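Asker: Structure file start39.cif (mmCIF, N, CA and C atoms) right here:
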```cif
data_upload
loop_
_atom_site.label_atom_id
_atom_site.label_comp_id
_atom_site.auth_asym_id
_atom_site.auth_seq_id
_atom_site.Cartn_x
_atom_site.Cartn_y
_atom_site.Cartn_z
N MET A 15 -35.40 19.36 4.76
CA MET A 15 -36.21 20.30 5.51
C MET A 15 -36.95 21.22 4.52
N GLY A 16 -38.25 21.37 4.74
CA GLY A 16 -39.06 22.18 3.84
C GLY A 16 -38.95 23.66 4.13
N LEU A 17 -39.55 24.43 3.26
CA LEU A 17 -39.57 25.88 3.44
C LEU A 17 -40.51 26.25 4.58
N LYS A 18 -40.21 27.36 5.23
CA LYS A 18 -41.12 27.90 6.24
C LYS A 18 -42.45 28.22 5.56
N LYS A 19 -43.56 27.89 6.22
CA LYS A 19 -44.88 28.16 5.63
C LYS A 19 -45.46 29.43 6.23
N VAL A 20 -45.91 30.31 5.36
CA VAL A 20 -46.54 31.55 5.77
C VAL A 20 -47.97 31.52 5.26
N GLU A 21 -48.93 31.68 6.17
CA GLU A 21 -50.35 31.65 5.79
C GLU A 21 -50.92 33.06 5.90
N VAL A 22 -51.47 33.54 4.80
CA VAL A 22 -52.01 34.90 4.74
C VAL A 22 -53.38 34.91 4.09
N VAL A 23 -54.01 36.08 4.20
CA VAL A 23 -55.29 36.31 3.54
C VAL A 23 -55.15 37.54 2.65
N ALA A 24 -55.95 37.59 1.60
CA ALA A 24 -55.94 38.73 0.69
C ALA A 24 -57.37 39.07 0.30
N ALA A 25 -57.65 40.37 0.23
CA ALA A 25 -58.98 40.85 -0.14
C ALA A 25 -58.96 41.33 -1.58
N VAL A 26 -59.85 40.78 -2.38
CA VAL A 26 -60.07 41.30 -3.73
C VAL A 26 -61.33 42.17 -3.59
N ILE A 27 -61.08 43.46 -3.34
CA ILE A 27 -62.18 44.39 -3.10
C ILE A 27 -62.75 44.80 -4.45
N ARG A 28 -64.05 44.55 -4.59
CA ARG A 28 -64.69 44.79 -5.89
C ARG A 28 -65.70 45.92 -5.78
N ASP A 29 -65.72 46.75 -6.80
CA ASP A 29 -66.74 47.78 -6.95
C ASP A 29 -67.20 47.71 -8.40
N LYS A 30 -68.33 47.08 -8.61
CA LYS A 30 -68.87 46.80 -9.94
C LYS A 30 -67.85 46.01 -10.78
N ASP A 31 -67.27 46.62 -11.82
CA ASP A 31 -66.34 45.89 -12.69
C ASP A 31 -64.88 46.23 -12.40
N LYS A 32 -64.61 46.82 -11.23
CA LYS A 32 -63.23 47.20 -10.88
C LYS A 32 -62.81 46.47 -9.61
N ILE A 33 -61.49 46.20 -9.53
CA ILE A 33 -60.93 45.63 -8.31
C ILE A 33 -59.77 46.49 -7.84
N PHE A 34 -59.55 46.46 -6.53
CA PHE A 34 -58.59 47.34 -5.87
C PHE A 34 -57.25 46.63 -5.68
N ALA A 35 -56.18 47.25 -6.14
CA ALA A 35 -54.83 46.69 -6.01
C ALA A 35 -53.95 47.69 -5.28
N THR A 36 -52.99 47.17 -4.51
CA THR A 36 -52.10 48.04 -3.74
C THR A 36 -50.64 47.72 -4.06
N GLN A 37 -49.80 48.75 -3.91
CA GLN A 37 -48.36 48.60 -4.15
C GLN A 37 -47.64 48.60 -2.80
N ARG A 38 -46.86 47.56 -2.56
CA ARG A 38 -46.15 47.43 -1.27
C ARG A 38 -45.20 48.59 -1.06
N GLY A 39 -45.19 49.10 0.16
CA GLY A 39 -44.33 50.22 0.50
C GLY A 39 -43.16 49.83 1.37
N TYR A 40 -42.97 48.52 1.60
CA TYR A 40 -41.93 48.10 2.54
C TYR A 40 -41.52 46.66 2.25
N GLY A 41 -40.41 46.27 2.85
CA GLY A 41 -40.01 44.87 2.87
C GLY A 41 -39.35 44.37 1.60
N GLU A 42 -39.17 43.06 1.59
CA GLU A 42 -38.47 42.37 0.51
C GLU A 42 -39.12 42.59 -0.85
N PHE A 43 -40.44 42.73 -0.86
CA PHE A 43 -41.17 42.86 -2.13
C PHE A 43 -41.68 44.27 -2.35
N LYS A 44 -40.97 45.26 -1.79
CA LYS A 44 -41.35 46.67 -1.94
C LYS A 44 -41.55 46.99 -3.43
N ASP A 45 -42.57 47.77 -3.71
CA ASP A 45 -42.94 48.24 -5.05
C ASP A 45 -43.74 47.22 -5.86
N GLY A 46 -43.80 45.97 -5.42
CA GLY A 46 -44.63 45.00 -6.13
C GLY A 46 -46.10 45.23 -5.84
N TRP A 47 -46.96 44.83 -6.77
CA TRP A 47 -48.40 45.02 -6.61
C TRP A 47 -49.03 43.74 -6.08
N GLU A 48 -50.04 43.93 -5.24
CA GLU A 48 -50.70 42.81 -4.57
C GLU A 48 -52.12 43.20 -4.19
N PHE A 49 -52.85 42.21 -3.69
CA PHE A 49 -54.14 42.49 -3.08
C PHE A 49 -53.90 42.68 -1.60
N PRO A 50 -54.54 43.67 -0.97
CA PRO A 50 -54.27 43.96 0.43
C PRO A 50 -54.69 42.80 1.35
N GLY A 51 -54.00 42.69 2.47
CA GLY A 51 -54.29 41.63 3.43
C GLY A 51 -53.09 41.44 4.33
N GLY A 52 -52.95 40.24 4.87
CA GLY A 52 -51.82 39.99 5.75
C GLY A 52 -51.93 38.65 6.46
N LYS A 53 -51.08 38.48 7.47
CA LYS A 53 -50.99 37.20 8.18
C LYS A 53 -52.19 36.96 9.08
N ILE A 54 -52.53 35.69 9.19
CA ILE A 54 -53.59 35.26 10.10
C ILE A 54 -52.95 35.09 11.47
N GLU A 55 -53.53 35.72 12.49
CA GLU A 55 -53.01 35.60 13.84
C GLU A 55 -53.66 34.41 14.55
N SER A 56 -53.00 33.93 15.57
CA SER A 56 -53.49 32.79 16.34
C SER A 56 -54.91 33.05 16.84
N GLY A 57 -55.79 32.08 16.62
CA GLY A 57 -57.16 32.19 17.09
C GLY A 57 -58.11 32.89 16.14
N GLU A 58 -57.60 33.40 15.02
CA GLU A 58 -58.45 34.10 14.05
C GLU A 58 -58.86 33.16 12.93
N THR A 59 -60.06 33.37 12.40
CA THR A 59 -60.43 32.73 11.15
C THR A 59 -59.82 33.57 10.03
N PRO A 60 -59.69 33.01 8.82
CA PRO A 60 -59.19 33.84 7.71
C PRO A 60 -60.04 35.10 7.51
N GLN A 61 -61.35 34.96 7.65
CA GLN A 61 -62.24 36.11 7.45
C GLN A 61 -62.00 37.18 8.50
N GLN A 62 -61.83 36.78 9.76
CA GLN A 62 -61.55 37.76 10.83
C GLN A 62 -60.21 38.45 10.59
N ALA A 63 -59.22 37.69 10.16
CA ALA A 63 -57.91 38.27 9.88
C ALA A 63 -58.00 39.31 8.78
N LEU A 64 -58.79 39.03 7.77
CA LEU A 64 -58.92 39.95 6.64
C LEU A 64 -59.61 41.24 7.06
N VAL A 65 -60.66 41.14 7.84
CA VAL A 65 -61.33 42.35 8.33
C VAL A 65 -60.35 43.19 9.15
N ARG A 66 -59.58 42.56 10.04
CA ARG A 66 -58.61 43.27 10.87
C ARG A 66 -57.52 43.92 10.02
N GLU A 67 -56.95 43.16 9.10
CA GLU A 67 -55.85 43.67 8.27
C GLU A 67 -56.29 44.87 7.42
N ILE A 68 -57.46 44.81 6.82
CA ILE A 68 -57.92 45.91 5.97
C ILE A 68 -58.21 47.15 6.82
N LYS A 69 -58.72 46.94 8.03
CA LYS A 69 -58.94 48.07 8.95
C LYS A 69 -57.60 48.71 9.30
N GLU A 70 -56.57 47.87 9.59
CA GLU A 70 -55.24 48.39 9.96
C GLU A 70 -54.54 49.07 8.79
N GLU A 71 -54.59 48.44 7.61
CA GLU A 71 -53.82 48.94 6.46
C GLU A 71 -54.51 50.06 5.70
N LEU A 72 -55.84 50.02 5.66
CA LEU A 72 -56.57 50.93 4.78
C LEU A 72 -57.66 51.74 5.49
N ASP A 73 -57.76 51.58 6.82
CA ASP A 73 -58.75 52.31 7.62
C ASP A 73 -60.15 52.17 7.03
N THR A 74 -60.47 50.95 6.60
CA THR A 74 -61.75 50.69 5.94
C THR A 74 -62.34 49.40 6.49
N GLU A 75 -63.66 49.41 6.66
CA GLU A 75 -64.36 48.22 7.11
C GLU A 75 -64.90 47.50 5.87
N ILE A 76 -64.59 46.20 5.78
CA ILE A 76 -65.06 45.43 4.63
C ILE A 76 -66.00 44.31 5.08
N GLU A 77 -66.75 43.83 4.11
CA GLU A 77 -67.53 42.61 4.28
C GLU A 77 -66.83 41.55 3.45
N VAL A 78 -66.39 40.48 4.12
CA VAL A 78 -65.71 39.39 3.42
C VAL A 78 -66.77 38.49 2.80
N GLN A 79 -66.60 38.21 1.51
CA GLN A 79 -67.55 37.38 0.79
C GLN A 79 -66.92 36.02 0.50
N GLU A 80 -67.26 35.40 -0.62
CA GLU A 80 -66.82 34.03 -0.84
C GLU A 80 -65.32 33.92 -1.16
N LEU A 81 -64.79 32.75 -0.83
CA LEU A 81 -63.39 32.42 -1.14
C LEU A 81 -63.26 32.27 -2.66
N ILE A 82 -62.28 32.95 -3.24
CA ILE A 82 -62.02 32.84 -4.68
C ILE A 82 -61.11 31.65 -4.92
N ASP A 83 -60.02 31.60 -4.14
CA ASP A 83 -59.01 30.56 -4.35
C ASP A 83 -58.02 30.62 -3.19
N THR A 84 -57.32 29.52 -2.97
CA THR A 84 -56.16 29.53 -2.08
C THR A 84 -54.94 29.28 -2.96
N VAL A 85 -54.10 30.28 -3.03
CA VAL A 85 -52.90 30.23 -3.87
C VAL A 85 -51.76 29.65 -3.04
N GLU A 86 -51.11 28.62 -3.59
CA GLU A 86 -49.93 28.03 -2.97
C GLU A 86 -48.74 28.41 -3.85
N TYR A 87 -47.74 29.06 -3.25
CA TYR A 87 -46.62 29.54 -4.06
C TYR A 87 -45.32 29.43 -3.26
N ASP A 88 -44.29 28.90 -3.90
CA ASP A 88 -42.97 28.80 -3.27
C ASP A 88 -42.09 29.97 -3.68
N TYR A 89 -41.85 30.85 -2.72
CA TYR A 89 -40.84 31.89 -2.90
C TYR A 89 -39.50 31.25 -2.52
N PRO A 90 -38.39 31.90 -2.81
CA PRO A 90 -37.09 31.28 -2.50
C PRO A 90 -36.90 30.92 -1.02
N THR A 91 -37.45 31.72 -0.11
CA THR A 91 -37.18 31.50 1.31
C THR A 91 -38.38 31.03 2.13
N PHE A 92 -39.57 30.93 1.51
CA PHE A 92 -40.75 30.48 2.25
C PHE A 92 -41.83 30.00 1.28
N HIS A 93 -42.77 29.21 1.82
CA HIS A 93 -43.94 28.78 1.06
C HIS A 93 -45.12 29.63 1.50
N LEU A 94 -45.79 30.24 0.53
CA LEU A 94 -46.94 31.09 0.82
C LEU A 94 -48.24 30.34 0.54
N SER A 95 -49.12 30.38 1.51
CA SER A 95 -50.48 29.88 1.34
C SER A 95 -51.39 31.09 1.52
N MET A 96 -52.01 31.56 0.42
CA MET A 96 -52.76 32.81 0.43
C MET A 96 -54.23 32.55 0.11
N HIS A 97 -55.08 32.78 1.11
CA HIS A 97 -56.52 32.61 0.95
C HIS A 97 -57.08 33.93 0.41
N CYS A 98 -57.63 33.88 -0.79
CA CYS A 98 -58.10 35.10 -1.47
C CYS A 98 -59.63 35.13 -1.48
N PHE A 99 -60.17 36.21 -0.93
CA PHE A 99 -61.62 36.35 -0.82
C PHE A 99 -62.11 37.57 -1.59
N TRP A 100 -63.32 37.46 -2.15
CA TRP A 100 -64.01 38.65 -2.64
C TRP A 100 -64.38 39.47 -1.42
N ALA A 101 -64.38 40.78 -1.55
CA ALA A 101 -64.78 41.65 -0.44
C ALA A 101 -65.42 42.91 -1.01
N ARG A 102 -66.23 43.53 -0.18
CA ARG A 102 -66.80 44.82 -0.56
C ARG A 102 -66.67 45.79 0.60
N ILE A 103 -66.62 47.06 0.28
CA ILE A 103 -66.47 48.10 1.30
C ILE A 103 -67.80 48.30 2.02
N LYS A 104 -67.75 48.24 3.35
CA LYS A 104 -68.92 48.56 4.16
C LYS A 104 -68.87 50.02 4.59
N GLU A 105 -67.66 50.45 5.00
CA GLU A 105 -67.50 51.81 5.49
C GLU A 105 -66.03 52.21 5.39
N GLY A 106 -65.78 53.43 4.92
CA GLY A 106 -64.41 53.92 4.83
C GLY A 106 -64.03 54.29 3.41
N ASN A 107 -62.83 54.86 3.28
CA ASN A 107 -62.38 55.41 1.99
C ASN A 107 -61.04 54.87 1.51
N LEU A 108 -60.64 53.68 1.97
CA LEU A 108 -59.39 53.06 1.53
C LEU A 108 -58.20 54.02 1.63
N ILE A 109 -57.88 54.40 2.85
CA ILE A 109 -56.76 55.31 3.11
C ILE A 109 -55.47 54.49 3.23
N LEU A 110 -54.47 54.81 2.41
CA LEU A 110 -53.22 54.05 2.40
C LEU A 110 -52.38 54.37 3.63
N LYS A 111 -52.21 53.40 4.52
CA LYS A 111 -51.39 53.59 5.71
C LYS A 111 -50.04 52.89 5.58
N GLU A 112 -49.98 51.82 4.79
CA GLU A 112 -48.73 51.05 4.66
C GLU A 112 -48.29 50.89 3.21
N HIS A 113 -49.15 51.21 2.28
CA HIS A 113 -48.83 51.02 0.86
C HIS A 113 -48.36 52.31 0.22
N GLU A 114 -47.58 52.15 -0.85
CA GLU A 114 -47.06 53.29 -1.60
C GLU A 114 -48.09 53.90 -2.53
N ALA A 115 -48.90 53.02 -3.12
CA ALA A 115 -49.87 53.48 -4.11
C ALA A 115 -50.99 52.45 -4.20
N ALA A 116 -52.07 52.84 -4.86
CA ALA A 116 -53.19 51.93 -5.09
C ALA A 116 -53.89 52.34 -6.38
N LYS A 117 -54.58 51.38 -6.98
CA LYS A 117 -55.32 51.64 -8.22
C LYS A 117 -56.57 50.78 -8.25
N TRP A 118 -57.60 51.30 -8.87
CA TRP A 118 -58.76 50.48 -9.23
C TRP A 118 -58.48 49.99 -10.64
N LEU A 119 -58.51 48.69 -10.83
CA LEU A 119 -58.21 48.09 -12.13
C LEU A 119 -59.45 47.40 -12.70
N THR A 120 -59.56 47.45 -14.01
CA THR A 120 -60.62 46.74 -14.71
C THR A 120 -60.02 45.49 -15.35
N LYS A 121 -60.86 44.69 -15.92
CA LYS A 121 -60.41 43.48 -16.62
C LYS A 121 -59.32 43.83 -17.65
N ASP A 122 -59.50 44.96 -18.33
CA ASP A 122 -58.55 45.37 -19.37
C ASP A 122 -57.26 45.98 -18.84
N THR A 123 -57.25 46.42 -17.58
CA THR A 123 -56.04 47.07 -17.05
C THR A 123 -55.33 46.21 -15.99
N LEU A 124 -55.78 44.98 -15.79
CA LEU A 124 -55.17 44.11 -14.77
C LEU A 124 -53.67 43.91 -14.99
N ASN A 125 -53.23 43.90 -16.23
CA ASN A 125 -51.81 43.65 -16.51
C ASN A 125 -50.96 44.91 -16.60
N THR A 126 -51.51 46.05 -16.16
CA THR A 126 -50.75 47.30 -16.25
C THR A 126 -49.89 47.55 -15.02
N VAL A 127 -49.96 46.64 -14.03
CA VAL A 127 -49.10 46.77 -12.84
C VAL A 127 -48.22 45.53 -12.75
N ASP A 128 -47.13 45.65 -11.99
CA ASP A 128 -46.17 44.56 -11.83
C ASP A 128 -46.55 43.72 -10.59
N TRP A 129 -47.40 42.71 -10.81
CA TRP A 129 -47.91 41.87 -9.72
C TRP A 129 -46.79 41.05 -9.09
N LEU A 130 -46.90 40.82 -7.79
CA LEU A 130 -46.00 39.89 -7.11
C LEU A 130 -46.28 38.49 -7.65
N PRO A 131 -45.27 37.63 -7.66
CA PRO A 131 -45.43 36.30 -8.28
C PRO A 131 -46.64 35.50 -7.80
N ALA A 132 -46.91 35.48 -6.51
CA ALA A 132 -48.04 34.68 -6.01
C ALA A 132 -49.38 35.23 -6.49
N ASP A 133 -49.45 36.53 -6.74
CA ASP A 133 -50.71 37.15 -7.17
C ASP A 133 -50.99 36.93 -8.66
N LYS A 134 -49.95 36.65 -9.44
CA LYS A 134 -50.12 36.51 -10.89
C LYS A 134 -51.09 35.38 -11.27
N GLY A 135 -51.01 34.27 -10.55
CA GLY A 135 -51.92 33.16 -10.86
C GLY A 135 -53.37 33.50 -10.61
N LEU A 136 -53.60 34.34 -9.61
CA LEU A 136 -54.96 34.75 -9.30
C LEU A 136 -55.53 35.66 -10.38
N ILE A 137 -54.67 36.45 -11.01
CA ILE A 137 -55.12 37.40 -12.03
C ILE A 137 -55.82 36.67 -13.17
N ILE A 138 -55.30 35.55 -13.58
CA ILE A 138 -55.91 34.76 -14.66
C ILE A 138 -57.34 34.39 -14.29
N LYS A 139 -57.51 33.92 -13.06
CA LYS A 139 -58.84 33.53 -12.59
C LYS A 139 -59.77 34.74 -12.49
N LEU A 140 -59.26 35.86 -11.99
CA LEU A 140 -60.09 37.06 -11.83
C LEU A 140 -60.57 37.59 -13.17
N ARG A 141 -59.72 37.52 -14.17
CA ARG A 141 -60.09 38.05 -15.48
C ARG A 141 -61.38 37.39 -15.98
N LYS A 142 -61.58 36.12 -15.62
CA LYS A 142 -62.78 35.40 -16.05
C LYS A 142 -64.02 35.81 -15.25
N GLU A 143 -63.79 36.38 -14.06
CA GLU A 143 -64.91 36.63 -13.16
C GLU A 143 -65.34 38.09 -13.05
N ILE A 144 -64.56 39.02 -13.62
CA ILE A 144 -64.99 40.43 -13.53
C ILE A 144 -65.37 40.94 -14.91
#
```
Can you turn what I pasted into C-alpha cells?
Answerer:
Amino acid sequence: MGLKKVEVVAAVIRDKDKIFATQRGYGEFKDGWEFPGGKIESGETPQQALVREIKEELDTEIEVQELIDTVEYDYPTFHLSMHCFWARIKEGNLILKEHEAAKWLTKDTLNTVDWLPADKGLIIKLRKEI
C-alpha cells in the first residue's frame, strides 16, 4: 500500500529580485520555512486554490503566473505533490494570519532559513531564476 497523496499549491511571490517565504506556525512542521499556499479543494484549479489560500493566510490578493515546477516528495507519512507558481501581489500587505514569521529573501539569502524538505529542491531552481 502506497503513501497517502497530498496535493497542494505554493506561491513564490516575487518583488523584483526578492521572494517571500513564510515560517509555519502550526502542525507537524511548525517552525519550518516554506512558500505560502495550501491544499487544492474539490472543483478548484491549482491557480484558484492558490488565490484562495493566499487570501485566507495572508489577506492579500495575488495574480498567479507561470508554473515553476511540480515538486514530488515523500515524507514519512504521506507523498506530497506541490505545484509551485510564480505570483505577484495585486492588492494587500501580506498580513500573517497563520504563520509565525515571514521574510523577503534574495538569491544570496535563500539559505538563511530552515526550509522544509519538499521546498529545498525548489530553492536550487529558484536561485537560477532570480
Asker: What parts of segment 28-93 of chain A does DSSP call strand (DSSP E or B)? I'd like the answer as a PyMOL selection string.
Answerer: chain A and resi 28-29+32-38+47-48+51-53+75-88+92-93
Asker: Nearest residue to Asp31 of chain A out of A:Leu17, A:Ile144, A:Leu108, A:Leu124, using all atoms listed in the file?
Answerer: A:Ile144
Asker: To test your reading of the syntax: which residues would the PyMOL selection byres ((chain A and resi 128-131) around 6) return for the file shown? Reply as a ChimeraX atom specification.
Answerer: /A:46-48,126-127,132-135
Asker: Using the chain letters and numbers from this document, which residues of segment 22-77 of chain A does DSSP assign to helix (DSSP H, G or I), as a list in words?
Answerer: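 In segment 22-77 of chain A, DSSP puts these residues in helix (DSSP H, G or I): Pro60, Gln61, Gln62, Ala63, Leu64, Val65, Arg66, Glu67, Ile68, Lys69, Glu70, Glu71 and Leu72 of chain A.
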Asker: If we count only C-alpha atoms and set the cut-off at 12 Å, which residues sit around Val20 of chain A, ignoring sequence neighbours fewer than 5 positions away in its own chain? Please answer as a list in words.
Answerer: Gly52, Lys53, Ile54, Glu55, Val85, Glu86, Tyr87, Asp88, Tyr89, Thr91, Phe92, His93, Leu94, Ser95, Met96 and His97 of chain A
Asker: I'd like to know which of A:Arg66, A:Lys32, A:Arg38, A:Lys44 is closest to His113 of chain A, using only N, CA and C atoms.
Answerer: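 Residue with the minimum atom-to-atom distance to His113 of chain A: A:Arg38.
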Asker: Measure the distance from atom CA of Ala101 of chain A to atom CA of Glu67 of chain A in Å and round it to one decimal.
Answerer: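 These two atoms are separated by 12.6 Å.
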Asker: Measuring atom to atom with only N, CA and C atoms, identify which of A:Glu70, A:Phe49, A:Ile103, A:Gly41 is nearest to Asp29 of chain A.
Answerer: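 Smallest distance to Asp29 of chain A is found for A:Ile103.
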Asker: So what do you get for atom C of Thr123 of chain A versus atom C of Val78 of chain A, distance-wise?
Answerer: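 Taking atom C of Thr123 of chain A and atom C of Val78 of chain A, their separation equals 23.3 Å.
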Asker: Could you tell me how far atom CA of Thr36 of chain A sits from atom CA of Lys18 of chain A, in Å to one decimal place?
Answerer: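 Atom-to-atom, atom CA of Lys18 of chain A and atom CA of Thr36 of chain A are spaced 25.0 Å apart.
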Asker: Would you mind listing what lies within 12 Å of segment 62-65 of chain A as a short mmCIF file (atom, residue, chain, number, x, y, z; two decimals) with N, CA and C atoms, in the frame of the given file, with only C-alpha atoms counted and same-chain residues fewer than 4 positions away left out?
Answerer:
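So the final result, stored in around.cif, reads:
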```cif
data_model
loop_
_atom_site.label_atom_id
_atom_site.label_comp_id
_atom_site.auth_asym_id
_atom_site.auth_seq_id
_atom_site.Cartn_x
_atom_site.Cartn_y
_atom_site.Cartn_z
N GLU A 21 -48.93 31.68 6.17
CA GLU A 21 -50.35 31.65 5.79
C GLU A 21 -50.92 33.06 5.90
N VAL A 22 -51.47 33.54 4.80
CA VAL A 22 -52.01 34.90 4.74
C VAL A 22 -53.38 34.91 4.09
N VAL A 23 -54.01 36.08 4.20
CA VAL A 23 -55.29 36.31 3.54
C VAL A 23 -55.15 37.54 2.65
N ALA A 24 -55.95 37.59 1.60
CA ALA A 24 -55.94 38.73 0.69
C ALA A 24 -57.37 39.07 0.30
N ALA A 25 -57.65 40.37 0.23
CA ALA A 25 -58.98 40.85 -0.14
C ALA A 25 -58.96 41.33 -1.58
N VAL A 26 -59.85 40.78 -2.38
CA VAL A 26 -60.07 41.30 -3.73
C VAL A 26 -61.33 42.17 -3.59
N ILE A 27 -61.08 43.46 -3.34
CA ILE A 27 -62.18 44.39 -3.10
C ILE A 27 -62.75 44.80 -4.45
N PHE A 49 -52.85 42.21 -3.69
CA PHE A 49 -54.14 42.49 -3.08
C PHE A 49 -53.90 42.68 -1.60
N PRO A 50 -54.54 43.67 -0.97
CA PRO A 50 -54.27 43.96 0.43
C PRO A 50 -54.69 42.80 1.35
N GLY A 51 -54.00 42.69 2.47
CA GLY A 51 -54.29 41.63 3.43
C GLY A 51 -53.09 41.44 4.33
N GLY A 52 -52.95 40.24 4.87
CA GLY A 52 -51.82 39.99 5.75
C GLY A 52 -51.93 38.65 6.46
N LYS A 53 -51.08 38.48 7.47
CA LYS A 53 -50.99 37.20 8.18
C LYS A 53 -52.19 36.96 9.08
N ILE A 54 -52.53 35.69 9.19
CA ILE A 54 -53.59 35.26 10.10
C ILE A 54 -52.95 35.09 11.47
N GLU A 55 -53.53 35.72 12.49
CA GLU A 55 -53.01 35.60 13.84
C GLU A 55 -53.66 34.41 14.55
N SER A 56 -53.00 33.93 15.57
CA SER A 56 -53.49 32.79 16.34
C SER A 56 -54.91 33.05 16.84
N GLY A 57 -55.79 32.08 16.62
CA GLY A 57 -57.16 32.19 17.09
C GLY A 57 -58.11 32.89 16.14
N GLU A 58 -57.60 33.40 15.02
CA GLU A 58 -58.45 34.10 14.05
C GLU A 58 -58.86 33.16 12.93
N LYS A 69 -58.72 46.94 8.03
CA LYS A 69 -58.94 48.07 8.95
C LYS A 69 -57.60 48.71 9.30
N GLU A 70 -56.57 47.87 9.59
CA GLU A 70 -55.24 48.39 9.96
C GLU A 70 -54.54 49.07 8.79
N GLU A 71 -54.59 48.44 7.61
CA GLU A 71 -53.82 48.94 6.46
C GLU A 71 -54.51 50.06 5.70
N LEU A 72 -55.84 50.02 5.66
CA LEU A 72 -56.57 50.93 4.78
C LEU A 72 -57.66 51.74 5.49
N ASP A 73 -57.76 51.58 6.82
CA ASP A 73 -58.75 52.31 7.62
C ASP A 73 -60.15 52.17 7.03
N THR A 74 -60.47 50.95 6.60
CA THR A 74 -61.75 50.69 5.94
C THR A 74 -62.34 49.40 6.49
N GLU A 75 -63.66 49.41 6.66
CA GLU A 75 -64.36 48.22 7.11
C GLU A 75 -64.90 47.50 5.87
N ILE A 76 -64.59 46.20 5.78
CA ILE A 76 -65.06 45.43 4.63
C ILE A 76 -66.00 44.31 5.08
N GLU A 77 -66.75 43.83 4.11
CA GLU A 77 -67.53 42.61 4.28
C GLU A 77 -66.83 41.55 3.45
N VAL A 78 -66.39 40.48 4.12
CA VAL A 78 -65.71 39.39 3.42
C VAL A 78 -66.77 38.49 2.80
N GLN A 79 -66.60 38.21 1.51
CA GLN A 79 -67.55 37.38 0.79
C GLN A 79 -66.92 36.02 0.50
N LEU A 81 -64.79 32.75 -0.83
CA LEU A 81 -63.39 32.42 -1.14
C LEU A 81 -63.26 32.27 -2.66
N MET A 96 -52.01 31.56 0.42
CA MET A 96 -52.76 32.81 0.43
C MET A 96 -54.23 32.55 0.11
N HIS A 97 -55.08 32.78 1.11
CA HIS A 97 -56.52 32.61 0.95
C HIS A 97 -57.08 33.93 0.41
N CYS A 98 -57.63 33.88 -0.79
CA CYS A 98 -58.10 35.10 -1.47
C CYS A 98 -59.63 35.13 -1.48
N PHE A 99 -60.17 36.21 -0.93
CA PHE A 99 -61.62 36.35 -0.82
C PHE A 99 -62.11 37.57 -1.59
N TRP A 100 -63.32 37.46 -2.15
CA TRP A 100 -64.01 38.65 -2.64
C TRP A 100 -64.38 39.47 -1.42
N ALA A 101 -64.38 40.78 -1.55
CA ALA A 101 -64.78 41.65 -0.44
C ALA A 101 -65.42 42.91 -1.01
N ARG A 102 -66.23 43.53 -0.18
CA ARG A 102 -66.80 44.82 -0.56
C ARG A 102 -66.67 45.79 0.60
N ILE A 103 -66.62 47.06 0.28
CA ILE A 103 -66.47 48.10 1.30
C ILE A 103 -67.80 48.30 2.02
N LYS A 104 -67.75 48.24 3.35
CA LYS A 104 -68.92 48.56 4.16
C LYS A 104 -68.87 50.02 4.59
N GLU A 105 -67.66 50.45 5.00
CA GLU A 105 -67.50 51.81 5.49
C GLU A 105 -66.03 52.21 5.39
#
```
Asker: Nearest to Ala115 of chain A among A:Glu143, A:Glu42, A:Phe34, A:Gly16, with distances taken over only C-alpha atoms: which residue is it?
Answerer: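 Once distances to Ala115 of chain A are computed over only C-alpha atoms, the minimum belongs to A:Phe34.
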Asker: Which is closest to Leu136 of chain A among A:Thr59, A:Gln37, A:Asn107, A:Thr84, if we use only C-alpha atoms?
Answerer: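 For Leu136 of chain A, the nearest of the given residues is A:Thr84.
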